[in-house]
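Coordinates from input-v7.txt are shown below (compact mmCIF, C-alpha atoms).
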```txt
# COMPACT_ATOMS: atom_id res chain seq x y z
CA MET R 97 -14.16 -25.56 36.97
CA ASP R 98 -13.08 -23.23 34.21
CA LYS R 99 -15.11 -20.11 33.86
CA ALA R 100 -17.52 -20.34 30.92
CA MET R 101 -16.54 -18.19 27.98
CA ASN R 102 -18.88 -15.34 27.15
CA PRO R 103 -20.68 -15.85 23.86
CA PRO R 104 -19.46 -13.61 21.02
CA ASP R 105 -21.28 -10.32 20.64
CA PRO R 106 -23.72 -10.81 17.72
CA ALA R 107 -23.26 -7.23 16.52
CA ILE R 108 -19.49 -7.59 16.46
CA ALA R 109 -19.69 -10.95 14.67
CA HIS R 110 -22.14 -9.50 12.14
CA HIS R 111 -19.95 -6.50 11.31
CA ALA R 112 -16.80 -8.62 11.25
CA ALA R 113 -18.43 -10.74 8.55
CA LEU R 114 -19.38 -7.59 6.62
CA ASP R 115 -15.81 -6.30 6.93
CA ALA R 116 -14.48 -9.56 5.49
CA ARG R 117 -16.89 -9.17 2.58
CA MET R 118 -15.65 -5.64 2.00
CA VAL R 119 -12.02 -6.79 1.97
CA ALA R 120 -12.88 -9.35 -0.72
CA ALA R 121 -14.90 -6.85 -2.75
CA VAL R 122 -12.20 -4.18 -2.97
CA ARG R 123 -9.30 -6.51 -3.79
CA GLY R 124 -8.93 -5.13 -7.32
CA ILE R 125 -9.37 -1.44 -6.40
CA ARG R 126 -5.66 -0.55 -6.23
CA LEU R 127 -5.76 3.21 -6.47
CA LEU R 128 -2.08 4.17 -6.64
CA THR R 129 -1.06 1.17 -8.74
CA LEU R 130 -3.71 1.70 -11.39
CA THR R 131 -3.25 5.48 -11.63
CA SER R 132 0.54 5.38 -11.94
CA TRP R 133 2.22 5.80 -15.29
CA PRO R 134 4.31 3.09 -16.95
CA ALA R 135 7.99 3.52 -16.10
CA SER R 136 8.73 3.30 -19.83
CA MET R 137 7.38 6.84 -20.29
CA ARG R 138 10.22 8.47 -18.39
CA ALA R 139 13.13 7.93 -20.79
CA PRO R 140 11.43 9.20 -24.00
CA PHE R 141 10.22 12.30 -22.24
CA LEU R 142 13.61 13.10 -20.72
CA GLU R 143 15.23 12.55 -24.12
CA SER R 144 12.83 15.08 -25.67
CA VAL R 145 13.78 17.53 -22.91
CA ALA R 146 17.49 16.97 -23.56
CA ARG R 147 16.93 17.71 -27.26
CA GLY R 148 15.29 20.99 -26.33
CA ASN R 149 11.92 19.92 -27.71
CA PRO R 150 9.92 18.52 -24.78
CA GLN R 151 6.79 16.63 -25.79
CA LEU R 152 3.65 16.55 -23.70
CA PRO R 153 3.25 12.95 -22.45
CA GLN R 154 0.12 11.15 -23.58
CA VAL R 155 -0.99 8.38 -21.24
CA THR R 156 -3.46 5.71 -22.27
CA TYR R 157 -5.21 4.07 -19.35
CA PRO R 158 -7.00 0.72 -19.53
CA LYS R 159 -10.75 0.78 -18.99
CA HIS R 160 -11.92 -0.55 -15.65
CA ASP R 161 -15.36 -1.77 -14.65
CA PHE R 162 -15.94 -2.13 -10.92
CA SER R 163 -19.74 -2.35 -11.16
CA ALA R 164 -19.81 -5.79 -9.52
CA ALA R 165 -17.63 -4.59 -6.66
CA ARG R 166 -19.76 -1.49 -6.21
CA ARG R 167 -22.94 -3.55 -6.08
CA GLU R 168 -21.37 -5.66 -3.34
CA LEU R 169 -20.36 -2.51 -1.47
CA ASP R 170 -23.97 -1.29 -1.67
CA ALA R 171 -25.20 -4.64 -0.38
CA ILE R 172 -22.81 -4.48 2.57
CA ASP R 173 -23.88 -0.92 3.30
CA SER R 174 -27.55 -1.93 3.44
CA ALA R 175 -26.75 -4.67 5.98
CA LEU R 176 -24.79 -2.64 8.54
CA ASP R 177 -25.87 -0.71 11.61
CA ASP R 178 -24.10 2.62 11.66
CA THR R 179 -25.11 3.26 15.29
CA HIS R 180 -22.51 0.62 16.20
CA PRO R 181 -18.84 1.74 16.12
CA LEU R 182 -18.00 -1.01 13.64
CA GLY R 183 -20.97 -0.11 11.48
CA ALA R 184 -19.96 3.55 11.38
CA TYR R 185 -16.40 2.56 10.51
CA LEU R 186 -17.67 0.32 7.71
CA ARG R 187 -19.99 2.96 6.27
CA ASP R 188 -17.16 5.50 6.00
CA SER R 189 -14.86 2.85 4.50
CA LEU R 190 -17.46 1.71 1.96
CA ARG R 191 -17.98 5.27 0.75
CA SER R 192 -14.23 5.72 0.37
CA TRP R 193 -13.82 2.54 -1.67
CA ASP R 194 -16.81 3.46 -3.84
CA LEU R 195 -15.24 6.83 -4.63
CA ALA R 196 -11.95 5.11 -5.44
CA ALA R 197 -13.76 2.75 -7.81
CA GLY R 198 -15.44 5.70 -9.52
CA LEU R 199 -12.07 7.41 -9.90
CA LEU R 200 -10.51 4.35 -11.52
CA GLU R 201 -13.45 3.98 -13.90
CA SER R 202 -12.82 7.60 -14.98
CA LEU R 203 -9.07 7.37 -15.64
CA GLY R 204 -7.85 9.70 -18.35
CA THR R 205 -10.71 12.18 -17.86
CA PRO R 206 -11.08 15.39 -15.80
CA ALA R 207 -13.61 13.55 -13.60
CA VAL R 208 -10.64 12.02 -11.75
CA ASP R 209 -10.00 15.46 -10.25
CA HIS R 210 -13.55 15.49 -8.84
CA TYR R 211 -13.16 12.09 -7.19
CA SER R 212 -9.65 12.88 -6.00
CA ALA R 213 -10.80 16.11 -4.33
CA GLN R 214 -13.43 14.18 -2.37
CA LEU R 215 -10.91 11.55 -1.29
CA PHE R 216 -7.89 13.71 -0.49
CA GLY R 217 -9.00 17.34 -0.40
CA VAL R 218 -7.57 20.27 -2.37
CA PRO R 219 -4.82 22.88 -1.83
CA ALA R 220 -7.40 25.58 -1.00
CA GLN R 221 -8.70 23.53 1.94
CA PRO R 222 -8.06 25.12 5.36
CA MET R 223 -5.56 23.52 7.67
CA PRO R 224 -6.90 22.03 10.94
CA GLY R 225 -8.16 24.62 13.37
CA ASN R 226 -9.50 26.75 10.52
CA GLY R 227 -5.99 27.99 9.86
CA PRO R 228 -4.42 29.08 6.58
CA SER R 229 -5.07 27.03 3.47
CA THR R 230 -2.91 24.03 2.69
CA ARG R 231 -1.46 25.95 -0.25
CA GLU R 232 -0.59 28.93 1.95
CA ALA R 233 1.16 26.61 4.40
CA ALA R 234 3.09 25.04 1.52
CA ARG R 235 4.21 28.43 0.25
CA HIS R 236 5.40 29.28 3.77
CA PHE R 237 7.71 26.25 3.83
CA ILE R 238 8.89 26.85 0.26
CA GLN R 239 9.90 30.39 1.19
CA ILE R 240 11.75 29.23 4.31
CA ALA R 241 13.53 26.53 2.31
CA GLN R 242 14.61 28.99 -0.33
CA GLU R 243 16.09 31.20 2.35
CA LEU R 244 17.73 28.51 4.47
CA ASP R 245 18.31 25.22 2.67
CA HIS R 246 21.75 25.98 1.24
CA GLU R 247 22.86 27.67 4.44
CA LEU R 248 21.79 24.73 6.63
CA LEU R 249 23.13 21.85 4.55
CA ALA R 250 26.37 20.43 5.92
CA PRO R 251 28.92 19.18 3.35
CA GLU R 252 28.38 15.53 4.29
CA GLU R 253 24.63 15.92 3.67
CA THR R 254 25.22 16.80 0.02
CA VAL R 255 27.04 13.55 -0.79
CA PRO R 256 24.65 11.32 -2.78
CA VAL R 257 23.97 7.77 -1.61
CA SER R 258 23.37 5.13 -4.27
CA ALA R 259 20.26 2.95 -4.21
CA THR R 260 22.46 -0.12 -3.70
CA ALA R 261 24.20 1.39 -0.66
CA LEU R 262 20.90 2.56 0.81
CA GLN R 263 19.38 -0.88 0.28
CA LEU R 264 22.09 -2.46 2.41
CA GLN R 265 21.88 0.21 5.10
CA LEU R 266 18.10 0.18 5.34
CA GLN R 267 17.92 -3.62 5.33
CA SER R 268 20.33 -3.70 8.25
CA ASP R 269 18.23 -1.13 10.15
CA LEU R 270 15.04 -3.16 9.64
CA ASP R 271 16.59 -6.50 10.51
CA ASP R 272 17.89 -4.98 13.74
CA PHE R 273 14.47 -3.53 14.59
CA PHE R 274 12.58 -6.79 14.07
CA ASN R 275 15.41 -9.14 15.06
CA ALA R 276 14.47 -11.01 11.89
CA ARG R 277 13.91 -10.53 8.16
CA ILE R 278 10.29 -9.28 8.29
CA ILE R 279 10.53 -6.52 5.67
CA SER R 280 12.82 -6.88 2.67
CA VAL R 281 14.39 -3.95 0.82
CA GLU R 282 14.60 -4.45 -2.94
CA LEU R 283 15.81 -2.50 -5.97
CA ASP R 284 13.31 -1.89 -8.76
CA ASP R 285 14.24 -0.58 -12.22
CA GLY R 286 10.59 0.02 -13.11
CA LEU R 287 9.68 2.27 -10.19
CA ILE R 288 8.88 5.90 -11.03
CA ALA R 289 8.86 7.09 -7.42
CA LYS R 290 12.13 6.95 -5.51
CA ALA R 291 10.65 4.49 -3.03
CA ALA R 292 7.47 2.55 -2.33
CA ALA R 293 6.42 0.56 0.75
CA GLY R 294 4.20 -2.47 1.24
CA ALA R 295 3.59 -4.62 4.29
CA THR R 296 6.66 -6.82 3.80
CA ARG R 297 8.63 -5.08 1.06
CA ILE R 298 10.18 -1.67 0.45
CA ARG R 299 11.29 -0.93 -3.10
CA LEU R 300 13.93 1.60 -4.12
CA ARG R 301 14.30 2.89 -7.66
CA SER R 302 17.61 1.51 -8.89
CA SER R 303 18.61 4.67 -10.75
CA ALA R 304 17.81 7.08 -7.93
CA SER R 305 20.33 8.72 -5.66
CA PHE R 306 19.51 9.51 -2.07
CA SER R 307 20.57 11.97 0.58
CA ALA R 308 21.90 11.31 4.06
CA TYR R 309 18.44 12.06 5.45
CA ASP R 310 16.68 9.58 3.16
CA ARG R 311 17.82 6.57 5.18
CA ALA R 312 16.17 7.81 8.38
CA GLN R 313 13.11 9.09 6.52
CA LEU R 314 12.52 5.78 4.77
CA PHE R 315 13.04 3.89 8.03
CA HIS R 316 10.66 5.99 10.13
CA HIS R 317 8.14 7.02 7.44
CA GLU R 318 7.84 4.08 5.07
CA ALA R 319 8.87 1.13 7.22
CA LEU R 320 7.80 1.99 10.75
CA VAL R 321 4.49 3.60 9.77
CA HIS R 322 3.24 2.37 6.39
CA SER R 323 4.66 -1.14 6.60
CA LEU R 324 4.19 -1.50 10.36
CA THR R 325 0.50 -0.51 10.33
CA ALA R 326 -0.11 -2.99 7.51
CA LEU R 327 1.64 -5.77 9.43
CA ASN R 328 -0.24 -5.00 12.64
CA GLY R 329 -3.48 -4.70 10.69
CA ARG R 330 -3.04 -8.22 9.36
CA ALA R 331 -3.31 -9.47 12.94
CA GLN R 332 -6.82 -8.03 13.35
CA THR R 333 -9.35 -10.89 13.17
CA VAL R 334 -12.44 -8.70 13.60
CA LEU R 335 -11.45 -5.94 11.16
CA PRO R 336 -9.10 -7.38 8.52
CA SER R 337 -9.65 -4.19 6.51
CA LEU R 338 -7.28 -2.45 8.95
CA ALA R 339 -4.48 -3.96 6.89
CA LEU R 340 -5.67 -2.17 3.73
CA SER R 341 -4.72 1.28 2.47
CA SER R 342 -8.25 2.59 2.22
CA PRO R 343 -8.23 6.07 0.63
CA ARG R 344 -10.01 7.49 3.68
CA ILE R 345 -7.00 6.83 5.90
CA THR R 346 -4.47 8.53 3.62
CA ALA R 347 -4.33 11.85 5.47
CA THR R 348 -3.78 10.15 8.84
CA GLN R 349 -1.28 7.65 7.43
CA GLU R 350 0.83 10.27 5.69
CA GLY R 351 0.43 12.67 8.60
CA LEU R 352 1.52 9.99 11.07
CA ALA R 353 4.45 9.02 8.87
CA THR R 354 5.59 12.63 8.50
CA PHE R 355 5.09 13.18 12.23
CA ALA R 356 7.36 10.18 12.82
CA GLU R 357 10.03 11.93 10.76
CA GLN R 358 9.56 15.08 12.80
CA ILE R 359 9.54 13.51 16.27
CA THR R 360 12.71 11.51 15.48
CA GLY R 361 14.55 14.48 13.99
CA SER R 362 14.62 12.82 10.58
CA ILE R 363 12.85 15.51 8.58
CA ASP R 364 14.97 18.19 6.93
CA ILE R 365 14.20 21.44 5.18
CA GLN R 366 14.61 19.83 1.76
CA ARG R 367 11.98 17.24 2.64
CA LEU R 368 9.53 19.94 3.71
CA LYS R 369 10.31 21.76 0.50
CA ARG R 370 9.58 18.68 -1.66
CA ILE R 371 6.25 18.11 0.09
CA SER R 372 5.31 21.77 -0.27
CA LEU R 373 6.33 21.98 -3.93
CA ARG R 374 3.97 19.12 -4.75
CA ILE R 375 1.07 20.93 -3.10
CA GLU R 376 1.81 24.07 -5.09
CA ALA R 377 2.10 21.97 -8.26
CA VAL R 378 -1.32 20.39 -7.63
CA ALA R 379 -2.82 23.86 -7.33
CA MET R 380 -1.08 24.97 -10.53
CA ALA R 381 -2.37 21.96 -12.48
CA ARG R 382 -5.94 22.49 -11.26
CA GLU R 383 -5.65 26.12 -12.40
CA GLY R 384 -4.63 25.08 -15.92
CA ALA R 385 -0.89 24.39 -15.94
CA ASP R 386 -0.01 21.44 -18.18
CA PHE R 387 2.55 18.71 -17.52
CA LEU R 388 5.37 20.63 -19.20
CA GLN R 389 4.75 23.71 -17.07
CA VAL R 390 4.61 21.67 -13.86
CA PHE R 391 7.75 19.76 -14.86
CA ASP R 392 9.52 23.08 -15.46
CA PHE R 393 8.25 24.36 -12.09
CA PHE R 394 10.03 21.50 -10.32
CA ARG R 395 13.21 22.04 -12.37
CA GLN R 396 13.24 25.74 -11.53
CA ALA R 397 12.84 24.77 -7.87
CA GLY R 398 16.13 22.84 -8.07
CA GLN R 399 15.13 19.26 -8.88
CA ILE R 400 17.08 17.32 -11.52
CA PRO R 401 15.10 16.33 -14.65
CA GLU R 402 14.54 12.73 -13.53
CA GLU R 403 13.09 13.81 -10.19
CA SER R 404 11.11 16.62 -11.83
CA PHE R 405 9.46 14.03 -14.07
CA SER R 406 8.64 11.84 -11.08
CA SER R 407 7.21 14.78 -9.14
CA ALA R 408 5.10 16.00 -12.07
CA GLN R 409 3.85 12.48 -12.75
CA ARG R 410 2.47 12.32 -9.19
CA VAL R 411 0.37 15.40 -9.93
CA PHE R 412 -1.00 14.07 -13.23
CA ARG R 413 -1.78 10.49 -12.22
CA GLY R 414 -5.03 9.53 -13.87
CA VAL R 415 -5.83 12.97 -15.32
CA PRO R 416 -5.22 14.54 -18.77
CA THR R 417 -1.76 16.08 -19.05
CA GLY R 418 -3.06 19.26 -20.70
CA GLY R 419 -3.94 20.96 -17.41
CA GLY R 420 -7.10 21.83 -15.53
CA ALA R 421 -7.15 18.72 -13.33
CA ALA R 422 -4.90 16.96 -10.84
CA PHE R 423 -4.51 13.92 -8.64
CA THR R 424 -4.63 15.70 -5.28
CA LYS R 425 -3.18 13.08 -2.90
CA ASP R 426 -0.07 15.14 -2.17
CA THR R 427 -2.18 17.79 -0.45
CA VAL R 428 -2.67 15.50 2.56
CA TYR R 429 0.92 15.57 3.84
CA LEU R 430 1.00 18.96 5.55
CA ARG R 431 -2.65 18.82 6.56
CA GLY R 432 -2.18 15.32 7.93
CA LEU R 433 0.97 16.30 9.81
CA VAL R 434 -0.79 19.17 11.58
CA SER R 435 -3.81 16.98 12.35
CA VAL R 436 -1.69 14.18 13.84
CA HIS R 437 0.47 16.61 15.82
CA THR R 438 -2.67 18.23 17.23
CA PHE R 439 -4.19 14.83 18.02
CA PHE R 440 -1.10 13.73 19.94
CA ARG R 441 -1.14 16.95 21.94
CA GLN R 442 -4.83 16.51 22.75
CA MET R 443 -4.29 12.93 23.86
CA LEU R 444 -1.44 14.07 26.11
CA ARG R 445 -3.67 16.74 27.65
CA ASP R 446 -6.49 14.22 28.20
CA GLU R 447 -4.14 11.50 29.52
CA LYS R 448 -4.97 9.20 26.60
CA LEU R 449 -1.62 8.55 24.98
CA ARG R 450 -2.70 4.93 24.53
CA TYR R 451 -4.97 6.20 21.74
CA CYS R 452 -1.83 7.29 19.88
CA ARG R 453 -0.41 3.79 20.14
CA TRP R 454 -3.65 2.32 18.79
CA LEU R 455 -3.03 4.24 15.56
CA PHE R 456 -0.36 1.62 14.84
CA ALA R 457 -2.76 -1.32 15.28
CA GLY R 458 -3.82 -0.96 11.66
CA LYS R 459 -4.51 1.65 9.02
CA MET R 460 -7.14 3.96 10.46
CA THR R 461 -8.12 7.60 10.83
CA LEU R 462 -7.71 9.72 13.94
CA GLY R 463 -11.45 9.48 14.42
CA ASP R 464 -11.31 5.68 14.19
CA ALA R 465 -8.79 5.51 17.05
CA GLN R 466 -11.30 7.33 19.24
CA ALA R 467 -14.50 5.69 18.01
CA LEU R 468 -13.03 2.19 18.27
CA ALA R 469 -11.49 2.81 21.70
CA PRO R 470 -14.08 0.64 23.56
CA LEU R 471 -13.18 -2.29 21.28
CA PHE R 472 -9.47 -1.87 21.98
CA GLU R 473 -10.16 -1.58 25.71
CA ALA R 474 -12.26 -4.77 25.59
CA GLY R 475 -9.65 -6.69 23.62
CA VAL R 476 -11.93 -7.12 20.61
CA LEU R 477 -9.33 -5.29 18.53
CA ALA R 478 -5.73 -6.31 19.09
CA ALA R 479 -3.14 -3.87 20.35
CA PRO R 480 -0.25 -3.38 17.91
CA ARG R 481 2.37 -6.11 18.03
CA TRP R 482 5.10 -3.78 16.79
CA LEU R 483 5.59 -0.15 17.73
CA PRO R 484 8.31 2.36 16.80
CA HIS R 485 10.71 3.08 19.62
CA TRP R 486 9.71 6.73 19.83
CA ILE R 487 6.10 5.95 20.77
CA GLN R 488 7.06 3.19 23.20
CA ARG R 489 9.09 5.71 25.19
CA ALA R 490 6.10 7.55 26.62
CA ASN R 491 8.15 9.88 28.82
CA GLY R 492 10.21 11.18 25.91
CA LEU R 493 7.18 11.61 23.70
CA ALA R 494 5.27 13.36 26.48
CA GLY R 495 8.21 15.68 27.05
CA ALA R 496 8.37 16.71 23.41
CA LEU R 497 4.61 17.24 23.22
CA ALA R 498 4.50 19.14 26.52
CA PHE R 499 7.16 21.54 25.25
CA SER R 500 5.18 21.95 22.02
CA LEU R 501 2.04 22.80 24.00
CA PHE R 502 3.94 25.50 25.90
CA ALA R 503 5.89 26.87 22.93
CA ASN R 504 2.70 27.45 20.96
CA ARG R 505 1.65 29.98 23.60
CA ILE R 506 4.65 32.19 22.86
CA ARG R 507 3.97 35.15 20.58
CA MET R 508 7.02 35.48 18.32
CA ASP R 509 6.02 39.05 17.38
CA ARG R 510 6.37 40.09 21.02
CA ILE R 511 9.89 38.77 21.57
CA ASP R 512 12.72 41.27 21.66
CA PRO R 513 15.66 40.53 19.35
CA VAL R 514 18.40 38.52 21.04
CA GLN R 515 21.22 40.83 22.08
```

Just give me the structure as structure tokens.
Amino acid sequence: MDKAMNPPDPAIAHHAALDARMVAAVRGIRLLTLTSWPASMRAPFLESVARGNPQLPQVTYPKHDFSAARRELDAIDSALDDTHPLGAYLRDSLRSWDLAAGLLESLGTPAVDHYSAQLFGVPAQPMPGNGPSTREAARHFIQIAQELDHELLAPEETVPVSATALQLQLQSDLDDFFNARIISVELDDGLIAKAAAGATRIRLRSSASFSAYDRAQLFHHEALVHSLTALNGRAQTVLPSLALSSPRITATQEGLATFAEQITGSIDIQRLKRISLRIEAVAMAREGADFLQVFDFFRQAGQIPEESFSSAQRVFRGVPTGGGAAFTKDTVYLRGLVSVHTFFRQMLRDEKLRYCRWLFAGKMTLGDAQALAPLFEAGVLAAPRWLPHWIQRANGLAGALAFSLFANRIRMDRIDPVQ
């Protein structure tokens, strides 16, 4: 006789139903989409720059009303049990979505800065381990880049790659990884950013040019973290919200994606410089710099006008362009990278590298991977179907992390110069 199946845990079933309600409630809260500028703003601005008379962009945002969604979020919150791991996860997620709704209802006002700071942090925030501030870390990498980037660039790395060529290359890489067409790579004339990733589609701006490093960075960062976690999250029947880009998971997502670049040798000094320049620009805007000053900051740092516009637009998403406020999402990259790197090292030390793999089972925070561990162990939450090669090869990953643990004990100020 077949063994009788255990009845479903009522608490799990209850919170799964609440999670499904949350997914439905937040469907229209698309933070990055609704804060981004129309692509049509780029050409007129760049033309005014070319004429020598740059004009401060004026962005008109549509009014949003998420009161119905926020009432539903409140109702879900009142029905959960935050002593249960799923209840605690839901409570944190509900708060994040409510803040995102408040931000979108405030588009075009300085209040966006207030909401953004709560969601993503600010440049003055200390790095993990109570280290230097995020802004100080960014300035460190900017200084190193200024000293080394031209010296370290090989001639072949300076040859631009067209969007069309990169589309073909990246599509081939992805098809080989999945042994099927799971993620498509498309060109998009209307994209302001150079690239954007969804669960099944990666878009490249048609007019952009790319470097030799961009192919590997897009593959490991966009496809095998952002897209992969969304795809794996869609397989979660108990927590379908693990497929969503909740604002609360941004630091871990971007940190994990940047860590993937680092562990695969795909990150270069120019990439670190771009990330760090954005953090400095966020700080400048919050201190009063307007869009024109931030745009000029990126140009002075070596970016072409088109990329300087794109970089400055990231800083001023949703906020007035006259200065004094910023969209602070770009501050999470360095802070997230250090947090994820530290987490991986801790899991190696505690013999829990499986926790690192669970980070790919959906879009979650580092804390979620630990708090939800009993549910992964019990099979309530599904292990990730797809994993990047670098995390499947546990011995290689452990070797890199073990060396990192040892190297951090070395005091550089006590080393004699190499003779």

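With all atoms listed in the file as the atoms that count, the minimum distance from R:Arg453 to the choices R:Val321, R:Val122, R:Thr333, R:Gly419 is reached by R:Val321.
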
Inset, instruction - Find the distance between atom CA of R:Leu449 and atom CA of R:Leu493 and write it in Å to one decimal. - result: 9.4 Å

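Here atom CA of R:Val378 and atom CA of R:Asp161 stand 27.2 Å from one another.
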
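Among R:Ala261, R:Ala377, R:Ala164, R:Leu455, the residue with the shortest atom-to-atom distance to R:Gly420, counting all atoms listed in the file, is R:Ala377.
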
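Of note, atom CA of R:Ala295 and atom CA of R:Ala479 are spaced 17.4 Å apart.
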
Inset, instruction - Measuring atom to atom with all atoms listed in the file, identify which of R:Thr129, R:Thr438, R:Ser362, R:Gln221 is nearest to R:His316. - result: R:Ser362

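For the choices R:Gln409, R:Val334, R:Leu340, R:Ala139, the atom-to-atom distance to R:Ala478 is smallest for R:Val334 when using all atoms listed in the file.
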
Legend entry - R:Gln214 environment, 10 Å, all atoms listed in the file, sequence neighbours closer than 5 positions dropped, as number ranges by chain: R: 192, 195-196, 209, 344, 424

Edge lengths and centre in Å to one decimal, as AutoDock Vina command-line options, of the axis-aligned box that encloses all listed atoms of stretch 190-199 of chain R with 3 Å added on every side?
```
--center_x -15.0 --center_y 4.6 --center_z -4.0 --size_x 12.0 --size_y 11.7 --size_z 17.9
```

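Non-sequential neighbours of R:His236 (distance at most 10 Å, separation of 5 or more positions within a chain, all atoms listed in the file) are Thr230, Arg231, Ala241, Lys369 and Ser372 of chain R.
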
What would stretch 304-316 of chain R look like with N, CA, C and O atoms in place, written as a PDB file, in the frame of the given file?
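Dumped to selection.pdb:
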```pdb
ATOM      1  N   ALA R 304      17.910   5.884  -8.767  1.00  0.00           N
ATOM      2  CA  ALA R 304      17.810   7.080  -7.930  1.00  0.00           C
ATOM      3  C   ALA R 304      19.029   7.220  -7.036  1.00  0.00           C
ATOM      4  O   ALA R 304      19.687   6.243  -6.671  1.00  0.00           O
ATOM      5  N   SER R 305      19.324   8.456  -6.685  1.00  0.00           N
ATOM      6  CA  SER R 305      20.330   8.720  -5.660  1.00  0.00           C
ATOM      7  C   SER R 305      19.608   9.333  -4.463  1.00  0.00           C
ATOM      8  O   SER R 305      18.576   9.984  -4.605  1.00  0.00           O
ATOM      9  N   PHE R 306      20.179   9.118  -3.301  1.00  0.00           N
ATOM     10  CA  PHE R 306      19.510   9.510  -2.070  1.00  0.00           C
ATOM     11  C   PHE R 306      20.420  10.393  -1.243  1.00  0.00           C
ATOM     12  O   PHE R 306      21.638  10.399  -1.427  1.00  0.00           O
ATOM     13  N   SER R 307      19.802  11.113  -0.313  1.00  0.00           N
ATOM     14  CA  SER R 307      20.570  11.970   0.580  1.00  0.00           C
ATOM     15  C   SER R 307      20.819  11.257   1.901  1.00  0.00           C
ATOM     16  O   SER R 307      20.273  10.184   2.165  1.00  0.00           O
ATOM     17  N   ALA R 308      21.611  11.895   2.750  1.00  0.00           N
ATOM     18  CA  ALA R 308      21.900  11.310   4.060  1.00  0.00           C
ATOM     19  C   ALA R 308      20.629  11.192   4.891  1.00  0.00           C
ATOM     20  O   ALA R 308      20.513  10.295   5.738  1.00  0.00           O
ATOM     21  N   TYR R 309      19.683  12.098   4.674  1.00  0.00           N
ATOM     22  CA  TYR R 309      18.440  12.060   5.450  1.00  0.00           C
ATOM     23  C   TYR R 309      17.493  10.967   4.964  1.00  0.00           C
ATOM     24  O   TYR R 309      16.622  10.528   5.708  1.00  0.00           O
ATOM     25  N   ASP R 310      17.632  10.539   3.720  1.00  0.00           N
ATOM     26  CA  ASP R 310      16.680   9.580   3.160  1.00  0.00           C
ATOM     27  C   ASP R 310      16.646   8.269   3.934  1.00  0.00           C
ATOM     28  O   ASP R 310      15.588   7.638   4.053  1.00  0.00           O
ATOM     29  N   ARG R 311      17.777   7.834   4.441  1.00  0.00           N
ATOM     30  CA  ARG R 311      17.820   6.570   5.180  1.00  0.00           C
ATOM     31  C   ARG R 311      16.893   6.618   6.392  1.00  0.00           C
ATOM     32  O   ARG R 311      16.065   5.717   6.600  1.00  0.00           O
ATOM     33  N   ALA R 312      17.018   7.679   7.190  1.00  0.00           N
ATOM     34  CA  ALA R 312      16.170   7.810   8.380  1.00  0.00           C
ATOM     35  C   ALA R 312      14.711   8.039   7.994  1.00  0.00           C
ATOM     36  O   ALA R 312      13.794   7.514   8.635  1.00  0.00           O
ATOM     37  N   GLN R 313      14.482   8.825   6.934  1.00  0.00           N
ATOM     38  CA  GLN R 313      13.110   9.090   6.520  1.00  0.00           C
ATOM     39  C   GLN R 313      12.415   7.828   6.039  1.00  0.00           C
ATOM     40  O   GLN R 313      11.255   7.566   6.377  1.00  0.00           O
ATOM     41  N   LEU R 314      13.109   7.028   5.244  1.00  0.00           N
ATOM     42  CA  LEU R 314      12.520   5.780   4.770  1.00  0.00           C
ATOM     43  C   LEU R 314      12.280   4.814   5.924  1.00  0.00           C
ATOM     44  O   LEU R 314      11.268   4.097   5.948  1.00  0.00           O
ATOM     45  N   PHE R 315      13.183   4.788   6.878  1.00  0.00           N
ATOM     46  CA  PHE R 315      13.040   3.890   8.030  1.00  0.00           C
ATOM     47  C   PHE R 315      11.829   4.280   8.869  1.00  0.00           C
ATOM     48  O   PHE R 315      10.975   3.441   9.181  1.00  0.00           O
ATOM     49  N   HIS R 316      11.726   5.554   9.227  1.00  0.00           N
ATOM     50  CA  HIS R 316      10.660   5.990  10.130  1.00  0.00           C
ATOM     51  C   HIS R 316       9.330   6.202   9.400  1.00  0.00           C
ATOM     52  O   HIS R 316       8.270   5.911   9.971  1.00  0.00           O
TER      53      HIS R 316
END
```
